[in-house]
Amino acid sequence: EARHAALLASQKQLRQSASVLKSIFESSPNAIVVSDLAANIIECNPRALELYDCDFKAELLRENGYDLTIPEDAPHARENVRDMLQSGAVKHAEYTMIKKTGERYPAEISSSVLRDEAGQPTGFVSIVRDLTERRMSEKSLRESETRYRALFENSPVSLWEDDFSVIKAELDRLRQQGIHDLRAYFDAHPDDADAMLSHIRIHAFNQASIALYQANDREELLARFSEILTDDAKRAFAKAILLAANGTTAFSYETTNRTLRGKLLAVRLKISF
């Protein structure tokens, strides 16, 4: 009696687990495809039908997975299957896939080997993600970066892109040591203030900057950057750093710089952190 009750409870638990797995399979936002060892599709979820533009499951179940990739990708797909049989899984493989309509789209497929009770491979289960939106976003980002870079390079105003992260780390270190009045600290330790300026990392500057500071090229301006800072400019930079440390996100001031040919410049600097 007790054994029979335990058996019934076990069967009920199995049915519940199967029901949960079926629900996950059917409602997954990603396409899930099950195929045999020859890549013939034997099961799929609703999202797979949408992805391959099929109206009925029977349409997709008569397909071979290799035929759903473009011919150029088929050798790569077969190679991945051979690797999967050895390793058990292949993740994030990218292919160009073909819909029923002939439309092509980029996809990422992660697959695992299915095995029987004896551990022998019987097929594959694959999760297919449509990369169309991601690729469009990546393209849009590249185009935006190209436009930004063109505006940056061709601006008639001198523009610089600098990295102050090392300076921020140094200021945080001073605070951890109990130094909270940074202005007073740097007034008492001017050499430390100058050392802070040496931590500025220059990422980029435009053509107008090269012309303004009378440099022959980027390499010369980068190598001799410290020469363009007058003492007044160093004090202004130190002030900007202290303001940034206290939460200021933008700062504008008038100061002087010097070109690499020795000419004194009256400039207005605008810094955004």
# chains A, B, ... in the order shown; residues from 1 in each chain; ligands from 1
call {"tool": "select_by_dssp", "arguments": {"residues": "segment 27-204 of chain A", "states": "helix (DSSP H, G or I)", "output": "ChimeraX atom specification"}}
result
/A:27,46-51,57-61,65-68,71-87,132-154,165-176,182-188,190-197
call {"tool": "closest_atom_pairs", "arguments": {"of": "segment 197-254 of chain A", "to": "segment 133-151 of chain A", "cutoff": "12 Å", "atoms": "only C-alpha atoms", "output": "JSON lines"}}
result
{"residue": "A:Ala204", "atom": "CA", "partner": "A:Arg149", "partner_atom": "CA", "distance": 10.2}
{"residue": "A:Phe205", "atom": "CA", "partner": "A:Arg149", "partner_atom": "CA", "distance": 10.5}
{"residue": "A:Asn206", "atom": "CA", "partner": "A:Arg149", "partner_atom": "CA", "distance": 9.3}
{"residue": "A:Gln207", "atom": "CA", "partner": "A:Ala150", "partner_atom": "CA", "distance": 10.9}
{"residue": "A:Ala208", "atom": "CA", "partner": "A:Leu151", "partner_atom": "CA", "distance": 11.6}
call {"tool": "write_last_selection", "arguments": {"atoms": "N, CA, C and O atoms", "output": "mmCIF file, in the first residue's frame"}}
result
data_model
loop_
_atom_site.group_PDB
_atom_site.id
_atom_site.type_symbol
_atom_site.label_atom_id
_atom_site.label_comp_id
_atom_site.auth_asym_id
_atom_site.auth_seq_id
_atom_site.Cartn_x
_atom_site.Cartn_y
_atom_site.Cartn_z
ATOM 1 N N ALA A 204 41.814 61.820 -27.364
ATOM 2 C CA ALA A 204 41.721 62.342 -28.728
ATOM 3 C C ALA A 204 41.680 63.862 -28.714
ATOM 4 O O ALA A 204 41.311 64.477 -27.720
ATOM 5 N N PHE A 205 42.087 64.455 -29.830
ATOM 6 C CA PHE A 205 41.898 65.879 -30.075
ATOM 7 C C PHE A 205 41.771 66.049 -31.585
ATOM 8 O O PHE A 205 42.175 65.183 -32.366
ATOM 9 N N ASN A 206 41.200 67.166 -31.999
ATOM 10 C CA ASN A 206 40.894 67.311 -33.419
ATOM 11 C C ASN A 206 41.934 68.149 -34.166
ATOM 12 O O ASN A 206 42.911 68.641 -33.591
ATOM 13 N N GLN A 207 41.685 68.318 -35.462
ATOM 14 C CA GLN A 207 42.619 69.045 -36.321
ATOM 15 C C GLN A 207 42.757 70.498 -35.902
ATOM 16 O O GLN A 207 43.845 71.086 -36.012
ATOM 17 N N ALA A 208 41.655 71.086 -35.426
ATOM 18 C CA ALA A 208 41.719 72.483 -34.989
ATOM 19 C C ALA A 208 42.683 72.648 -33.821
ATOM 20 O O ALA A 208 43.339 73.693 -33.685
#
call {"tool": "atom_distance", "arguments": {"atom1": "atom CA of Val33 of chain A", "atom2": "atom CA of Ser126 of chain A"}}
result
5.2 Å
call {"tool": "closest_residue", "arguments": {"among": "A:Asp130, A:Asp162, A:Asp187, A:Glu108", "to": "Pro29 of chain A", "atoms": "only C-alpha atoms"}}
result
A:Asp130
call {"tool": "residues_around", "arguments": {"residues": "Asp163 of chain A", "least_positions_apart": "2", "cutoff": "7 Å", "atoms": "only C-alpha atoms", "output": "JSON, numbers by chain"}}
result
{"A": [165, 200, 201, 202, 203]}
call {"tool": "write_last_selection", "arguments": {"atoms": "all heavy atoms", "output": "PDB file, in the first residue's frame"}}
result
ATOM      1  N   SER A 165      39.902  59.491 -14.967  1.00  0.00           N
ATOM      2  CA  SER A 165      39.581  58.416 -14.024  1.00  0.00           C
ATOM      3  C   SER A 165      40.705  58.178 -13.015  1.00  0.00           C
ATOM      4  O   SER A 165      40.440  57.864 -11.847  1.00  0.00           O
ATOM      5  CB  SER A 165      39.270  57.119 -14.781  1.00  0.00           C
ATOM      6  OG  SER A 165      40.365  56.711 -15.576  1.00  0.00           O
ATOM      7  N   ILE A 200      46.246  63.132 -16.254  1.00  0.00           N
ATOM      8  CA  ILE A 200      45.269  63.301 -17.326  1.00  0.00           C
ATOM      9  C   ILE A 200      45.669  62.404 -18.495  1.00  0.00           C
ATOM     10  O   ILE A 200      46.812  62.429 -18.954  1.00  0.00           O
ATOM     11  CB  ILE A 200      45.205  64.769 -17.802  1.00  0.00           C
ATOM     12  CG1 ILE A 200      44.723  65.675 -16.662  1.00  0.00           C
ATOM     13  CG2 ILE A 200      44.276  64.903 -19.009  1.00  0.00           C
ATOM     14  CD1 ILE A 200      44.789  67.159 -17.006  1.00  0.00           C
ATOM     15  N   ARG A 201      44.730  61.610 -18.973  1.00  0.00           N
ATOM     16  CA  ARG A 201      44.982  60.724 -20.117  1.00  0.00           C
ATOM     17  C   ARG A 201      44.245  61.277 -21.331  1.00  0.00           C
ATOM     18  O   ARG A 201      43.020  61.386 -21.326  1.00  0.00           O
ATOM     19  CB  ARG A 201      44.508  59.300 -19.805  1.00  0.00           C
ATOM     20  CG  ARG A 201      45.241  58.655 -18.635  1.00  0.00           C
ATOM     21  CD  ARG A 201      46.693  58.358 -18.998  1.00  0.00           C
ATOM     22  NE  ARG A 201      47.398  57.742 -17.879  1.00  0.00           N
ATOM     23  CZ  ARG A 201      48.182  58.379 -17.043  1.00  0.00           C
ATOM     24  NH1 ARG A 201      48.358  59.699 -17.185  1.00  0.00           N
ATOM     25  NH2 ARG A 201      48.808  57.744 -16.059  1.00  0.00           N
ATOM     26  N   ILE A 202      44.984  61.632 -22.355  1.00  0.00           N
ATOM     27  CA  ILE A 202      44.392  62.222 -23.556  1.00  0.00           C
ATOM     28  C   ILE A 202      43.987  61.106 -24.519  1.00  0.00           C
ATOM     29  O   ILE A 202      44.822  60.322 -24.959  1.00  0.00           O
ATOM     30  CB  ILE A 202      45.380  63.174 -24.244  1.00  0.00           C
ATOM     31  CG1 ILE A 202      45.767  64.301 -23.287  1.00  0.00           C
ATOM     32  CG2 ILE A 202      44.763  63.746 -25.521  1.00  0.00           C
ATOM     33  CD1 ILE A 202      46.894  65.168 -23.799  1.00  0.00           C
ATOM     34  N   HIS A 203      42.685  61.041 -24.821  1.00  0.00           N
ATOM     35  CA  HIS A 203      42.191  60.038 -25.756  1.00  0.00           C
ATOM     36  C   HIS A 203      42.203  60.548 -27.198  1.00  0.00           C
ATOM     37  O   HIS A 203      42.527  59.807 -28.120  1.00  0.00           O
ATOM     38  CB  HIS A 203      40.778  59.610 -25.385  1.00  0.00           C
ATOM     39  CG  HIS A 203      40.725  58.659 -24.233  1.00  0.00           C
ATOM     40  ND1 HIS A 203      41.571  57.584 -24.117  1.00  0.00           N
ATOM     41  CD2 HIS A 203      39.921  58.614 -23.131  1.00  0.00           C
ATOM     42  CE1 HIS A 203      41.299  56.916 -23.010  1.00  0.00           C
ATOM     43  NE2 HIS A 203      40.308  57.531 -22.380  1.00  0.00           N
TER      44      HIS A 203
END
call {"tool": "atom_distance", "arguments": {"atom1": "atom CA of Tyr185 of chain A", "atom2": "atom CA of Leu171 of chain A"}}
result
11.0 Å
call {"tool": "select_by_dssp", "arguments": {"residues": "segment 102-271 of chain A", "states": "strand (DSSP E)", "output": "NGL selection string"}}
result
:A and (104-115 or 121-130 or 160-163 or 201-205 or 250-258 or 264-271)
call {"tool": "atom_distance", "arguments": {"atom1": "atom CA of Leu114 of chain A", "atom2": "atom CA of Asp73 of chain A"}}
result
23.2 Å
call {"tool": "closest_residue", "arguments": {"among": "A:Thr256, A:Asp181, A:Asp194, A:Val113", "to": "Gln86 of chain A", "atoms": "only C-alpha atoms"}}
result
A:Val113
call {"tool": "residues_around", "arguments": {"residues": "Leu242 of chain A", "least_positions_apart": "6", "cutoff": "9 Å", "atoms": "only C-alpha atoms", "output": "PyMOL selection string"}}
result
chain A and resi 171+182-183+248
call {"tool": "residues_around", "arguments": {"residues": "Val81 of chain A", "least_positions_apart": "5", "cutoff": "10 Å", "atoms": "only C-alpha atoms", "output": "VMD selection string"}}
result
chain A and resid 37 to 39 75 to 76 86 to 90 111 to 113 124
call {"tool": "residues_around", "arguments": {"residues": "Ile42 of chain A", "least_positions_apart": "6", "cutoff": "6 Å", "atoms": "only C-alpha atoms", "output": "ChimeraX atom specification"}}
result
/A:34-35,61
call {"tool": "write_last_selection", "arguments": {"atoms": "C-alpha atoms", "output": "PDB file, in the first residue's frame"}}
result
ATOM      1  CA  VAL A  34      14.725  19.634 -31.729  1.00  0.00           C
ATOM      2  CA  SER A  35      16.389  17.601 -34.466  1.00  0.00           C
ATOM      3  CA  LEU A  61       9.042  19.396 -39.299  1.00  0.00           C
TER       4      LEU A  61
END
